[in-house]
$ cat query01.cif   # mmCIF, C-alpha atoms
data_model
#
loop_
_atom_site.label_atom_id
_atom_site.label_comp_id
_atom_site.auth_asym_id
_atom_site.auth_seq_id
_atom_site.Cartn_x
_atom_site.Cartn_y
_atom_site.Cartn_z
CA MET A 1 48.74 -25.45 -11.70
CA THR A 2 49.37 -22.54 -9.33
CA TRP A 3 48.49 -22.89 -5.68
CA PHE A 4 45.84 -20.15 -6.05
CA ASN A 5 44.14 -22.38 -8.62
CA PHE A 6 44.48 -25.28 -6.19
CA LEU A 7 42.71 -23.16 -3.57
CA ASN A 8 39.82 -22.51 -5.94
CA ILE A 9 39.55 -26.20 -6.82
CA SER A 10 39.58 -27.16 -3.14
CA ILE A 11 36.84 -24.62 -2.35
CA PHE A 12 34.59 -25.71 -5.20
CA SER A 13 35.15 -29.39 -4.38
CA GLU A 14 34.15 -28.76 -0.76
CA LEU A 15 31.11 -26.79 -1.88
CA SER A 16 29.95 -29.47 -4.33
CA VAL A 17 30.23 -32.19 -1.68
CA LYS A 18 28.17 -30.15 0.79
CA MET A 19 25.51 -29.36 -1.80
CA SER A 20 25.23 -32.97 -2.92
CA GLY A 21 24.85 -34.21 0.64
CA LYS A 22 27.25 -37.09 0.00
CA ALA A 23 30.05 -38.07 2.35
CA ALA A 24 33.45 -36.77 1.34
CA ALA A 25 35.79 -39.33 -0.17
CA PRO A 26 39.16 -39.96 1.51
CA PRO A 27 41.70 -37.35 0.42
CA SER A 28 43.91 -38.35 -2.49
CA THR A 29 47.68 -38.23 -2.25
CA ILE A 30 47.76 -35.48 -4.89
CA LYS A 31 45.37 -33.35 -2.84
CA LEU A 32 47.40 -33.80 0.35
CA VAL A 33 50.65 -32.97 -1.44
CA GLY A 34 48.97 -29.89 -2.93
CA LEU A 35 47.75 -28.78 0.50
CA VAL A 36 51.23 -29.14 2.00
CA PHE A 37 52.87 -27.31 -0.90
CA ALA A 38 50.36 -24.44 -0.69
CA TRP A 39 50.71 -24.31 3.11
CA TYR A 40 54.50 -24.16 2.94
CA ALA A 41 54.54 -21.67 0.06
CA GLY A 42 51.98 -19.42 1.73
CA ASN A 43 53.78 -19.48 5.07
CA THR A 44 57.16 -18.75 3.53
CA LEU A 45 55.80 -15.88 1.41
CA TYR A 46 53.97 -14.50 4.44
CA ASN A 47 57.20 -14.34 6.40
CA VAL A 48 59.00 -12.65 3.50
CA TYR A 49 56.35 -9.97 2.89
CA ASN A 50 55.73 -9.47 6.61
CA LYS A 51 59.43 -8.75 7.13
CA LYS A 52 59.47 -6.36 4.17
CA ALA A 53 56.41 -4.52 5.53
CA THR A 54 57.74 -4.23 9.09
CA ASN A 55 61.09 -3.04 7.74
CA MET A 56 59.30 -0.24 5.91
CA ILE A 57 57.11 1.09 8.71
CA HIS A 58 57.73 1.12 12.45
CA ALA A 59 54.10 0.51 13.38
CA HIS A 60 54.04 -3.23 13.76
CA TRP A 61 50.72 -3.62 15.55
CA PHE A 62 49.17 -1.62 12.71
CA VAL A 63 50.71 -4.07 10.22
CA ALA A 64 49.32 -6.99 12.23
CA ALA A 65 45.85 -5.43 12.24
CA ALA A 66 45.96 -4.68 8.52
CA GLN A 67 46.90 -8.30 7.80
CA LEU A 68 43.82 -9.49 9.68
CA VAL A 69 41.62 -7.09 7.65
CA VAL A 70 42.69 -8.86 4.45
CA GLY A 71 41.49 -12.15 5.93
CA ILE A 72 38.18 -10.62 6.99
CA VAL A 73 37.56 -9.35 3.46
CA TRP A 74 38.36 -12.81 2.10
CA SER A 75 35.87 -14.45 4.49
CA VAL A 76 33.10 -11.96 3.75
CA VAL A 77 33.53 -12.56 0.00
CA MET A 78 33.36 -16.32 0.52
CA TRP A 79 30.19 -16.04 2.61
CA GLY A 80 28.58 -13.37 0.43
CA THR A 81 29.05 -15.36 -2.79
CA GLY A 82 27.78 -18.59 -1.22
CA MET A 83 31.08 -20.38 -1.88
CA ARG A 84 31.16 -21.13 1.84
CA LYS A 85 28.27 -21.45 4.26
CA THR A 86 27.81 -18.53 6.63
CA PRO A 87 28.37 -19.40 10.31
CA ASN A 88 25.23 -19.63 12.40
CA LEU A 89 26.40 -18.80 15.90
CA SER A 90 24.53 -17.80 19.03
CA SER A 91 25.72 -15.15 21.47
CA ALA A 92 26.86 -17.95 23.79
CA ASP A 93 28.96 -19.44 20.98
CA LEU A 94 30.62 -16.11 20.28
CA THR A 95 31.26 -15.55 23.99
CA ALA A 96 33.01 -18.92 24.18
CA CYS A 97 35.22 -17.91 21.24
CA ILE A 98 36.33 -14.60 22.77
CA PRO A 99 39.20 -15.95 24.94
CA ILE A 100 40.51 -17.94 21.97
CA GLY A 101 40.36 -14.88 19.73
CA LEU A 102 42.24 -12.85 22.36
CA CYS A 103 45.00 -15.46 22.47
CA ALA A 104 45.10 -15.50 18.67
CA CYS A 105 45.49 -11.71 18.70
CA ILE A 106 48.46 -11.85 21.07
CA ALA A 107 50.05 -14.80 19.26
CA HIS A 108 49.81 -13.07 15.88
CA GLY A 109 50.91 -9.67 17.17
CA GLY A 110 53.82 -11.17 19.09
CA SER A 111 55.03 -13.01 16.00
CA VAL A 112 54.80 -9.89 13.81
CA LEU A 113 56.67 -7.80 16.38
CA ALA A 114 59.35 -10.47 16.89
CA MET A 115 60.09 -10.62 13.18
CA GLY A 116 59.81 -6.85 12.91
CA VAL A 117 62.49 -6.04 15.50
CA GLY A 118 64.72 -9.06 14.81
CA ALA A 119 65.71 -11.59 12.20
CA VAL A 120 63.02 -13.90 10.81
CA SER A 121 65.32 -16.88 11.33
CA PHE A 122 65.84 -16.01 15.01
CA ALA A 123 62.10 -15.60 15.59
CA GLN A 124 61.47 -19.00 14.00
CA ILE A 125 64.14 -20.62 16.19
CA VAL A 126 62.55 -19.18 19.35
CA LYS A 127 59.08 -20.18 18.16
CA ALA A 128 60.34 -23.76 17.98
CA CYS A 129 60.08 -23.58 21.80
CA GLU A 130 56.28 -23.51 21.61
CA PRO A 131 56.00 -27.16 22.82
CA VAL A 132 57.67 -26.10 26.09
CA PHE A 133 54.94 -23.54 26.70
CA ALA A 134 52.25 -26.00 25.62
CA ALA A 135 53.57 -28.63 28.05
CA VAL A 136 53.49 -26.15 30.95
CA VAL A 137 50.01 -24.88 30.09
CA GLY A 138 48.78 -28.46 29.73
CA VAL A 139 49.83 -29.24 33.30
CA LEU A 140 48.75 -25.97 34.94
CA LEU A 141 45.29 -25.49 33.40
CA PRO A 142 42.40 -27.96 33.73
CA PRO A 143 41.74 -30.43 32.33
CA VAL A 144 45.29 -31.51 33.13
CA ASP A 145 47.05 -33.05 30.15
CA PHE A 146 50.05 -35.17 31.14
CA LYS A 147 52.28 -36.22 28.27
CA PRO A 148 54.41 -39.39 28.17
CA MET A 149 57.81 -38.98 29.86
CA LEU A 150 59.53 -39.29 26.48
CA ALA A 151 57.71 -36.18 25.31
CA TYR A 152 58.91 -34.19 28.32
CA ALA A 153 62.44 -35.48 27.72
CA MET A 154 62.29 -33.99 24.22
CA LEU A 155 61.87 -30.52 25.75
CA ILE A 156 65.53 -30.66 26.81
CA PRO A 157 66.98 -30.59 23.27
CA ILE A 158 64.44 -27.92 22.31
CA VAL A 159 65.55 -25.55 25.06
CA GLY A 160 69.20 -26.55 24.67
CA GLY A 161 69.11 -26.02 20.91
CA VAL A 162 67.62 -22.55 21.22
CA GLY A 163 70.21 -21.73 23.88
CA LEU A 164 73.05 -22.91 21.63
CA ALA A 165 71.68 -20.85 18.72
CA CYS A 166 71.95 -17.76 20.95
CA ILE A 167 75.65 -18.27 21.60
CA LYS A 168 77.84 -16.41 19.12
CA GLU A 169 81.42 -17.46 18.51
CA GLY A 170 83.77 -15.13 20.34
CA LYS A 171 80.89 -13.13 21.87
CA GLY A 172 79.16 -15.56 24.21
CA VAL A 173 75.40 -15.20 24.66
CA ASP A 174 74.22 -12.61 22.15
CA ILE A 175 70.50 -12.35 21.53
CA ASN A 176 67.97 -9.76 20.49
CA VAL A 177 66.15 -9.55 23.83
CA GLU A 178 63.17 -7.66 22.41
CA ALA A 179 62.62 -10.18 19.62
CA PHE A 180 63.09 -13.05 22.09
CA MET A 181 60.44 -11.63 24.44
CA TYR A 182 57.90 -11.00 21.67
CA ALA A 183 58.38 -14.52 20.27
CA SER A 184 58.04 -16.00 23.76
CA VAL A 185 54.82 -14.07 24.36
CA ALA A 186 53.55 -15.41 21.02
CA ASN A 187 54.46 -18.94 22.13
CA ALA A 188 52.61 -18.56 25.43
CA ALA A 189 49.53 -17.16 23.69
CA ALA A 190 49.56 -19.92 21.08
CA ALA A 191 49.78 -22.54 23.83
CA LEU A 192 46.84 -20.97 25.67
CA LYS A 193 44.87 -20.75 22.44
CA GLY A 194 45.40 -24.45 21.82
CA LYS A 195 44.39 -25.35 25.37
CA LEU A 196 41.30 -23.13 25.52
CA GLY A 197 40.21 -23.73 21.96
CA GLY A 198 40.25 -27.51 21.83
CA SER A 199 36.88 -28.23 23.41
CA VAL A 200 35.18 -25.11 22.00
CA THR A 201 36.11 -25.72 18.37
CA LYS A 202 35.28 -29.42 18.69
CA ALA A 203 31.79 -28.57 19.95
CA LEU A 204 31.24 -26.00 17.18
CA LYS A 205 32.35 -28.40 14.46
CA GLY A 206 30.20 -31.15 15.91
CA ASP A 207 26.97 -29.17 15.50
CA LYS A 208 26.25 -29.18 11.75
CA SER A 209 23.57 -26.48 12.12
CA LYS A 210 26.27 -23.95 13.03
CA ASN A 211 28.14 -24.35 9.69
CA MET A 212 31.46 -24.33 11.51
CA ASP A 213 33.98 -26.33 9.53
CA SER A 214 37.73 -25.75 9.98
CA ALA A 215 37.76 -22.78 7.58
CA ASN A 216 34.88 -21.01 9.31
CA VAL A 217 36.34 -21.65 12.77
CA TYR A 218 39.53 -19.93 11.67
CA ALA A 219 37.59 -17.10 10.00
CA ILE A 220 35.65 -16.34 13.20
CA MET A 221 38.82 -16.41 15.30
CA ASN A 222 40.46 -14.08 12.78
CA ILE A 223 37.63 -11.56 13.15
CA ILE A 224 37.72 -11.67 16.96
CA SER A 225 41.49 -11.36 16.86
CA PHE A 226 41.17 -8.19 14.77
CA ILE A 227 38.65 -6.69 17.23
CA PHE A 228 41.17 -7.14 20.05
CA THR A 229 44.05 -5.80 17.93
CA VAL A 230 42.38 -2.46 17.18
CA PRO A 231 42.53 -1.08 20.78
CA ILE A 232 46.22 -2.06 20.98
CA VAL A 233 46.92 -0.10 17.80
CA ILE A 234 45.01 2.91 19.15
CA VAL A 235 46.85 2.94 22.48
CA SER A 236 50.37 2.08 21.33
CA GLU A 237 50.71 3.49 17.82
CA LEU A 238 47.88 5.83 16.83
CA PRO A 239 49.58 9.06 18.11
CA THR A 240 52.55 8.53 15.77
CA LEU A 241 50.91 6.44 13.04
CA ARG A 242 50.35 9.27 10.57
CA GLU A 243 53.94 10.43 10.96
CA GLU A 244 55.29 6.90 10.52
CA TRP A 245 53.08 6.32 7.48
CA ASP A 246 54.16 9.55 5.76
CA LYS A 247 57.81 8.83 6.54
CA SER A 248 57.55 5.30 5.12
CA CYS A 249 55.72 6.46 1.98
CA ALA A 250 58.33 9.13 1.35
CA GLU A 251 61.19 6.67 1.77
CA HIS A 252 59.78 3.53 0.12
CA GLY A 253 56.72 4.68 -1.84
CA THR A 254 53.05 4.23 -0.99
CA GLN A 255 52.54 1.48 -3.56
CA ALA A 256 55.37 -0.67 -2.21
CA LEU A 257 54.20 -0.24 1.39
CA VAL A 258 50.57 -1.07 0.66
CA MET A 259 51.54 -4.00 -1.56
CA ASN A 260 53.76 -5.62 1.09
CA ILE A 261 51.16 -5.19 3.83
CA ALA A 262 48.37 -6.53 1.60
CA LEU A 263 50.37 -9.51 0.35
CA SER A 264 51.51 -10.40 3.85
CA GLY A 265 47.88 -10.35 4.98
CA LEU A 266 46.72 -12.43 2.03
CA PHE A 267 49.40 -15.08 2.48
CA PHE A 268 48.88 -15.12 6.25
CA TYR A 269 45.21 -15.94 5.88
CA ILE A 270 45.60 -18.39 3.02
CA TYR A 271 48.43 -20.40 4.58
CA ASN A 272 46.38 -20.77 7.76
CA GLU A 273 43.40 -21.98 5.74
CA PHE A 274 45.56 -24.60 4.05
CA ALA A 275 47.08 -25.64 7.39
CA PHE A 276 43.61 -26.04 8.92
CA ALA A 277 42.40 -27.98 5.87
CA PHE A 278 45.41 -30.30 5.98
CA THR A 279 45.02 -30.93 9.72
CA ALA A 280 41.35 -31.78 9.21
CA GLN A 281 42.35 -34.36 6.59
CA VAL A 282 45.26 -36.12 8.32
CA GLY A 283 45.04 -35.29 12.03
CA ALA A 284 47.14 -33.30 14.49
CA VAL A 285 50.18 -35.58 14.67
CA THR A 286 51.10 -35.46 10.98
CA SER A 287 50.29 -31.77 10.88
CA SER A 288 52.58 -31.06 13.86
CA VAL A 289 55.45 -32.94 12.25
CA LEU A 290 55.11 -31.05 8.98
CA ASN A 291 54.72 -27.76 10.83
CA THR A 292 58.12 -28.43 12.38
CA ALA A 293 59.72 -29.17 9.02
CA LYS A 294 58.23 -25.96 7.66
CA ARG A 295 60.42 -23.88 9.98
CA VAL A 296 63.54 -25.19 8.28
CA ILE A 297 62.37 -23.85 4.93
CA ILE A 298 61.45 -20.45 6.38
CA ILE A 299 64.80 -20.11 8.16
CA VAL A 300 66.77 -20.97 5.02
CA VAL A 301 64.71 -18.75 2.70
CA SER A 302 64.75 -15.75 5.05
CA ALA A 303 68.49 -16.10 5.60
CA ILE A 304 69.04 -15.99 1.83
CA ILE A 305 66.60 -13.17 1.01
CA PHE A 306 67.44 -10.86 3.93
CA GLY A 307 71.11 -11.82 4.27
CA GLU A 308 70.65 -12.98 7.86
CA ALA A 309 73.83 -14.39 9.36
CA MET A 310 73.77 -18.12 10.08
CA GLU A 311 76.80 -18.95 12.21
CA ARG A 312 77.79 -22.51 13.08
CA ASN A 313 76.16 -22.42 16.53
CA THR A 314 72.99 -20.96 15.02
CA VAL A 315 72.75 -23.75 12.45
CA ILE A 316 73.52 -26.53 14.91
CA GLY A 317 71.30 -25.08 17.65
CA SER A 318 68.33 -24.55 15.36
CA ALA A 319 68.73 -28.09 13.99
CA ILE A 320 68.71 -29.53 17.52
CA ALA A 321 65.71 -27.43 18.58
CA ILE A 322 63.69 -28.25 15.48
CA GLY A 323 64.65 -31.93 15.78
CA GLY A 324 63.48 -31.89 19.39
CA THR A 325 60.18 -30.32 18.35
CA PHE A 326 59.79 -33.02 15.71
CA ALA A 327 60.38 -35.76 18.30
CA TYR A 328 58.05 -34.05 20.81
CA SER A 329 55.25 -33.96 18.23
CA LEU A 330 55.54 -37.73 17.78
CA ALA A 331 56.08 -38.67 21.42
CA SER A 332 53.36 -36.42 22.87
CA LYS A 333 50.64 -38.20 20.92
CA LYS A 334 51.54 -41.64 22.20
CA ALA A 335 49.49 -42.64 25.23
CA PRO A 336 51.39 -43.83 28.29
CA ALA A 337 51.60 -47.60 28.73
CA LYS A 338 49.21 -47.62 31.72
CA ALA A 339 46.56 -45.76 29.78
CA LYS A 340 46.81 -48.23 26.90
CA LYS A 341 46.55 -51.19 29.27
CA ALA A 342 43.49 -49.69 30.94
#

$ encode --input "query01.cif" --output "structure tokens"
Amino acid sequence: MTWFNFLNISIFSELSVKMSGKAAAPPSTIKLVGLVFAWYAGNTLYNVYNKKATNMIHAHWFVAAAQLVVGIVWSVVMWGTGMRKTPNLSSADLTACIPIGLCACIAHGGSVLAMGVGAVSFAQIVKACEPVFAAVVGVLLPPVDFKPMLAYAMLIPIVGGVGLACIKEGKGVDINVEAFMYASVANAAAALKGKLGGSVTKALKGDKSKNMDSANVYAIMNIISFIFTVPIVIVSELPTLREEWDKSCAEHGTQALVMNIALSGLFFYIYNEFAFAFTAQVGAVTSSVLNTAKRVIIIVVSAIIFGEAMERNTVIGSAIAIGGTFAYSLASKKAPAKAKKA
């Protein structure tokens, strides 16, 4: 069974449950394993095709926007065919989603640009620092979210591991500053999105009349993200876009360019749908742990496919950073002793 077939089965199963009005049965182990496999496969393939597309054309915000268009088409087809209920949102609901969509736009664009100007493996190592940004945002923005001290302690190996990965033998600190900055911006935006989106998405999912399950929440955020991406493309890349497109088509071929952009967009949307579906089934803790493990696969695969150098410090540093992220995911969800006693 291919994971595209698994997607179809999952969609029809969800639809049949909703139409029957019966409560959904607990997820089977086979279904959960299938979701994880599809999530990992989709994410890995997205990174591969995204890197191929950004290597072909130096218009990375355009690539990011085109990827979101693929997801919009997918959502419209799902709603138009009745395979998924159409969201029923008020203007107030959409207004509440705008800041989250803006953060999603920046997070996606930053990730695409980071992998476009640097190695995929390096971008993934830097993105392992996302818990550091999330911890800072959780303390600075209300409602304040204090984590257990053990969770904060796990930020040390995360930062230290990324720092070690940036040290090259015989060269000292050697990093792609541009890729580092883009990945860091993506981390900050993702942390803000998580902070701002928690209460909004919970409220939308809680009102059954709005038809906002996990898939539709992501679909709406994807659309808003695209709306914010378009002006960035116009301002930063439109003047040279035609020239870059013609140059890329002449060098790589139009078919190859379009195929890589389209496939990166398809896998980007699908892997996010699977990730959302898996999180809805098992909760945030398990999902965070598996999201950490996913980075290992992407780093290894990208290093093999694109011939990215993996020196000793890079391997050890990335292992420490990813291990710290794994520990942070577990420790951050454990309530402090005083809270439990209360």

$ closest_residue --input "query01.cif" --among "A:Asn222, A:Asn216, A:Ser302, A:Ser329" --to "Gly118 of chain A" --atoms "all atoms listed in the file"
A:Ser302

$ resolve_selection --input "query01.cif" --expression "the PyMOL selection byres ((chain A and resi 186) around 7)" --output "ChimeraX atom specification"
/A:106-108,110-111,182-185,187-190

$ closest_atom_pairs --input "query01.cif" --of "segment 96-210 of chain A" --to "segment 61-84 of chain A" --cutoff "8 Å" --atoms "all atoms listed in the file" --output "tab-separated table"
residue	atom	partner	partner_atom	distance
A:His108	CA	A:Ala64	CA	7.1
A:Gly109	CA	A:Ala64	CA	5.8
A:Val112	CA	A:Ala64	CA	6.4
A:Leu113	CA	A:Trp61	CA	7.3

$ residues_near_point --input "query01.cif" --point "(71.2, -31.6, 20.0)" --cutoff "12 Å" --atoms "all atoms listed in the file" --output "list in words"
Met154, Leu155, Ile156, Pro157, Ile158, Val159, Gly160, Gly161, Val162, Gly163, Leu164, Ala165, Asn313, Thr314, Val315, Ile316, Gly317, Ser318, Ala319, Ile320, Ala321, Ile322, Gly323, Gly324, Thr325 and Ala327 of chain A

$ resolve_selection --input "query01.cif" --expression "the PyMOL selection byres ((chain A and resi 331) around 9)" --output "VMD selection string"
chain A and resid 147 to 152 154 326 to 330 332 to 335

$ atom_distance --input "query01.cif" --atom1 "atom CA of His252 of chain A" --atom2 "atom CA of Ile175 of chain A"
28.7 Å

$ atom_distance --input "query01.cif" --atom1 "atom CA of Ala92 of chain A" --atom2 "atom CA of Thr201 of chain A"
13.2 Å

$ closest_residue --input "query01.cif" --among "A:Val126, A:Ala219, A:Val33, A:Ala59" --to "Ile261 of chain A" --atoms "only C-alpha atoms"
A:Ala59

$ resolve_selection --input "query01.cif" --expression "the PyMOL selection byres ((chain A and resi 266-280) around 9)" --output "NGL selection string"
:A and (7 or 32 or 35-36 or 38-47 or 49-50 or 67-68 or 70-72 or 74 or 214-215 or 218-219 or 222 or 261-265 or 281-288 or 291)

$ write_last_selection --input "query01.cif" --atoms "C-alpha atoms" --output "mmCIF file, in the coordinates of the input"
data_model
loop_
_atom_site.group_PDB
_atom_site.id
_atom_site.type_symbol
_atom_site.label_atom_id
_atom_site.label_comp_id
_atom_site.auth_asym_id
_atom_site.auth_seq_id
_atom_site.Cartn_x
_atom_site.Cartn_y
_atom_site.Cartn_z
ATOM 1 C CA LEU A 7 42.710 -23.160 -3.570
ATOM 2 C CA LEU A 32 47.400 -33.800 0.350
ATOM 3 C CA LEU A 35 47.750 -28.780 0.500
ATOM 4 C CA VAL A 36 51.230 -29.140 2.000
ATOM 5 C CA ALA A 38 50.360 -24.440 -0.690
ATOM 6 C CA TRP A 39 50.710 -24.310 3.110
ATOM 7 C CA TYR A 40 54.500 -24.160 2.940
ATOM 8 C CA ALA A 41 54.540 -21.670 0.060
ATOM 9 C CA GLY A 42 51.980 -19.420 1.730
ATOM 10 C CA ASN A 43 53.780 -19.480 5.070
ATOM 11 C CA THR A 44 57.160 -18.750 3.530
ATOM 12 C CA LEU A 45 55.800 -15.880 1.410
ATOM 13 C CA TYR A 46 53.970 -14.500 4.440
ATOM 14 C CA ASN A 47 57.200 -14.340 6.400
ATOM 15 C CA TYR A 49 56.350 -9.970 2.890
ATOM 16 C CA ASN A 50 55.730 -9.470 6.610
ATOM 17 C CA GLN A 67 46.900 -8.300 7.800
ATOM 18 C CA LEU A 68 43.820 -9.490 9.680
ATOM 19 C CA VAL A 70 42.690 -8.860 4.450
ATOM 20 C CA GLY A 71 41.490 -12.150 5.930
ATOM 21 C CA ILE A 72 38.180 -10.620 6.990
ATOM 22 C CA TRP A 74 38.360 -12.810 2.100
ATOM 23 C CA SER A 214 37.730 -25.750 9.980
ATOM 24 C CA ALA A 215 37.760 -22.780 7.580
ATOM 25 C CA TYR A 218 39.530 -19.930 11.670
ATOM 26 C CA ALA A 219 37.590 -17.100 10.000
ATOM 27 C CA ASN A 222 40.460 -14.080 12.780
ATOM 28 C CA ILE A 261 51.160 -5.190 3.830
ATOM 29 C CA ALA A 262 48.370 -6.530 1.600
ATOM 30 C CA LEU A 263 50.370 -9.510 0.350
ATOM 31 C CA SER A 264 51.510 -10.400 3.850
ATOM 32 C CA GLY A 265 47.880 -10.350 4.980
ATOM 33 C CA GLN A 281 42.350 -34.360 6.590
ATOM 34 C CA VAL A 282 45.260 -36.120 8.320
ATOM 35 C CA GLY A 283 45.040 -35.290 12.030
ATOM 36 C CA ALA A 284 47.140 -33.300 14.490
ATOM 37 C CA VAL A 285 50.180 -35.580 14.670
ATOM 38 C CA THR A 286 51.100 -35.460 10.980
ATOM 39 C CA SER A 287 50.290 -31.770 10.880
ATOM 40 C CA SER A 288 52.580 -31.060 13.860
ATOM 41 C CA ASN A 291 54.720 -27.760 10.830
#

$ atom_distance --input "query01.cif" --atom1 "atom CA of Ile298 of chain A" --atom2 "atom CA of Gly194 of chain A"
22.6 Å

$ residues_around --input "query01.cif" --residues "Gln124 of chain A" --least-positions-apart "2" --cutoff "8 Å" --atoms "all atoms listed in the file" --output "list in words"
Val120, Ser121, Phe122, Val126, Lys127, Ala128, Arg295, Ile298 and Ile299 of chain A

$ write_last_selection --input "query01.cif" --atoms "C-alpha atoms" --output "JSON list (two decimals), in the frame of the given file"
[["chain", "number", "residue", "atom", "x", "y", "z"],
["A", 120, "VAL", "CA", 63.02, -13.90, 10.81],
["A", 121, "SER", "CA", 65.32, -16.88, 11.33],
["A", 122, "PHE", "CA", 65.84, -16.01, 15.01],
["A", 126, "VAL", "CA", 62.55, -19.18, 19.35],
["A", 127, "LYS", "CA", 59.08, -20.18, 18.16],
["A", 128, "ALA", "CA", 60.34, -23.76, 17.98],
["A", 295, "ARG", "CA", 60.42, -23.88, 9.98],
["A", 298, "ILE", "CA", 61.45, -20.45, 6.38],
["A", 299, "ILE", "CA", 64.80, -20.11, 8.16]]

$ closest_residue --input "query01.cif" --among "A:Glu251, A:Phe180, A:Glu237, A:Ile167" --to "Cys129 of chain A" --atoms "only C-alpha atoms"
A:Phe180

$ closest_residue --input "query01.cif" --among "A:Leu204, A:Lys85, A:Glu169, A:Lys195" --to "Met310 of chain A" --atoms "only C-alpha atoms"
A:Glu169

$ closest_residue --input "query01.cif" --among "A:Val258, A:Leu192, A:Cys166, A:Val137" --to "Ile100 of chain A" --atoms "all atoms listed in the file"
A:Leu192

$ closest_residue --input "query01.cif" --among "A:Lys210, A:Lys202, A:Lys51, A:Lys31" --to "Asn260 of chain A" --atoms "only C-alpha atoms"
A:Lys51

$ build_atoms --input "query01.cif" --residues "segment 60-65 of chain A" --atoms "all heavy atoms" --output "PDB file, in the coordinates of the input"
ATOM      1  N   HIS A  60      54.205  -1.808  14.000  1.00  0.00           N
ATOM      2  CA  HIS A  60      54.040  -3.230  13.760  1.00  0.00           C
ATOM      3  C   HIS A  60      52.685  -3.777  14.177  1.00  0.00           C
ATOM      4  O   HIS A  60      52.181  -4.723  13.571  1.00  0.00           O
ATOM      5  CB  HIS A  60      55.177  -3.995  14.451  1.00  0.00           C
ATOM      6  CG  HIS A  60      56.531  -3.621  13.931  1.00  0.00           C
ATOM      7  ND1 HIS A  60      57.698  -3.803  14.645  1.00  0.00           N
ATOM      8  CD2 HIS A  60      56.908  -3.033  12.763  1.00  0.00           C
ATOM      9  CE1 HIS A  60      58.731  -3.377  13.936  1.00  0.00           C
ATOM     10  NE2 HIS A  60      58.274  -2.896  12.798  1.00  0.00           N
ATOM     11  N   TRP A  61      52.087  -3.193  15.201  1.00  0.00           N
ATOM     12  CA  TRP A  61      50.720  -3.620  15.550  1.00  0.00           C
ATOM     13  C   TRP A  61      49.737  -3.200  14.464  1.00  0.00           C
ATOM     14  O   TRP A  61      48.768  -3.895  14.182  1.00  0.00           O
ATOM     15  CB  TRP A  61      50.307  -3.029  16.898  1.00  0.00           C
ATOM     16  CG  TRP A  61      50.719  -3.858  18.069  1.00  0.00           C
ATOM     17  CD1 TRP A  61      51.696  -3.587  18.970  1.00  0.00           C
ATOM     18  CD2 TRP A  61      50.162  -5.122  18.455  1.00  0.00           C
ATOM     19  NE1 TRP A  61      51.795  -4.600  19.898  1.00  0.00           N
ATOM     20  CE2 TRP A  61      50.862  -5.547  19.615  1.00  0.00           C
ATOM     21  CE3 TRP A  61      49.142  -5.928  17.949  1.00  0.00           C
ATOM     22  CZ2 TRP A  61      50.569  -6.747  20.267  1.00  0.00           C
ATOM     23  CZ3 TRP A  61      48.849  -7.130  18.594  1.00  0.00           C
ATOM     24  CH2 TRP A  61      49.548  -7.535  19.739  1.00  0.00           C
ATOM     25  N   PHE A  62      50.006  -2.054  13.845  1.00  0.00           N
ATOM     26  CA  PHE A  62      49.170  -1.620  12.710  1.00  0.00           C
ATOM     27  C   PHE A  62      49.286  -2.611  11.560  1.00  0.00           C
ATOM     28  O   PHE A  62      48.290  -2.965  10.929  1.00  0.00           O
ATOM     29  CB  PHE A  62      49.592  -0.226  12.257  1.00  0.00           C
ATOM     30  CG  PHE A  62      49.012   0.176  10.935  1.00  0.00           C
ATOM     31  CD1 PHE A  62      47.686   0.553  10.825  1.00  0.00           C
ATOM     32  CD2 PHE A  62      49.786   0.147   9.775  1.00  0.00           C
ATOM     33  CE1 PHE A  62      47.136   0.912   9.598  1.00  0.00           C
ATOM     34  CE2 PHE A  62      49.244   0.500   8.551  1.00  0.00           C
ATOM     35  CZ  PHE A  62      47.923   0.888   8.461  1.00  0.00           C
ATOM     36  N   VAL A  63      50.504  -3.075  11.279  1.00  0.00           N
ATOM     37  CA  VAL A  63      50.710  -4.070  10.220  1.00  0.00           C
ATOM     38  C   VAL A  63      49.948  -5.350  10.556  1.00  0.00           C
ATOM     39  O   VAL A  63      49.280  -5.935   9.695  1.00  0.00           O
ATOM     40  CB  VAL A  63      52.209  -4.368  10.041  1.00  0.00           C
ATOM     41  CG1 VAL A  63      52.414  -5.531   9.065  1.00  0.00           C
ATOM     42  CG2 VAL A  63      52.936  -3.131   9.527  1.00  0.00           C
ATOM     43  N   ALA A  64      50.021  -5.779  11.814  1.00  0.00           N
ATOM     44  CA  ALA A  64      49.320  -6.990  12.230  1.00  0.00           C
ATOM     45  C   ALA A  64      47.812  -6.849  12.044  1.00  0.00           C
ATOM     46  O   ALA A  64      47.136  -7.770  11.570  1.00  0.00           O
ATOM     47  CB  ALA A  64      49.647  -7.309  13.693  1.00  0.00           C
ATOM     48  N   ALA A  65      47.283  -5.675  12.398  1.00  0.00           N
ATOM     49  CA  ALA A  65      45.850  -5.430  12.240  1.00  0.00           C
ATOM     50  C   ALA A  65      45.441  -5.416  10.775  1.00  0.00           C
ATOM     51  O   ALA A  65      44.414  -5.989  10.393  1.00  0.00           O
ATOM     52  CB  ALA A  65      45.467  -4.110  12.912  1.00  0.00           C
TER      53      ALA A  65
END
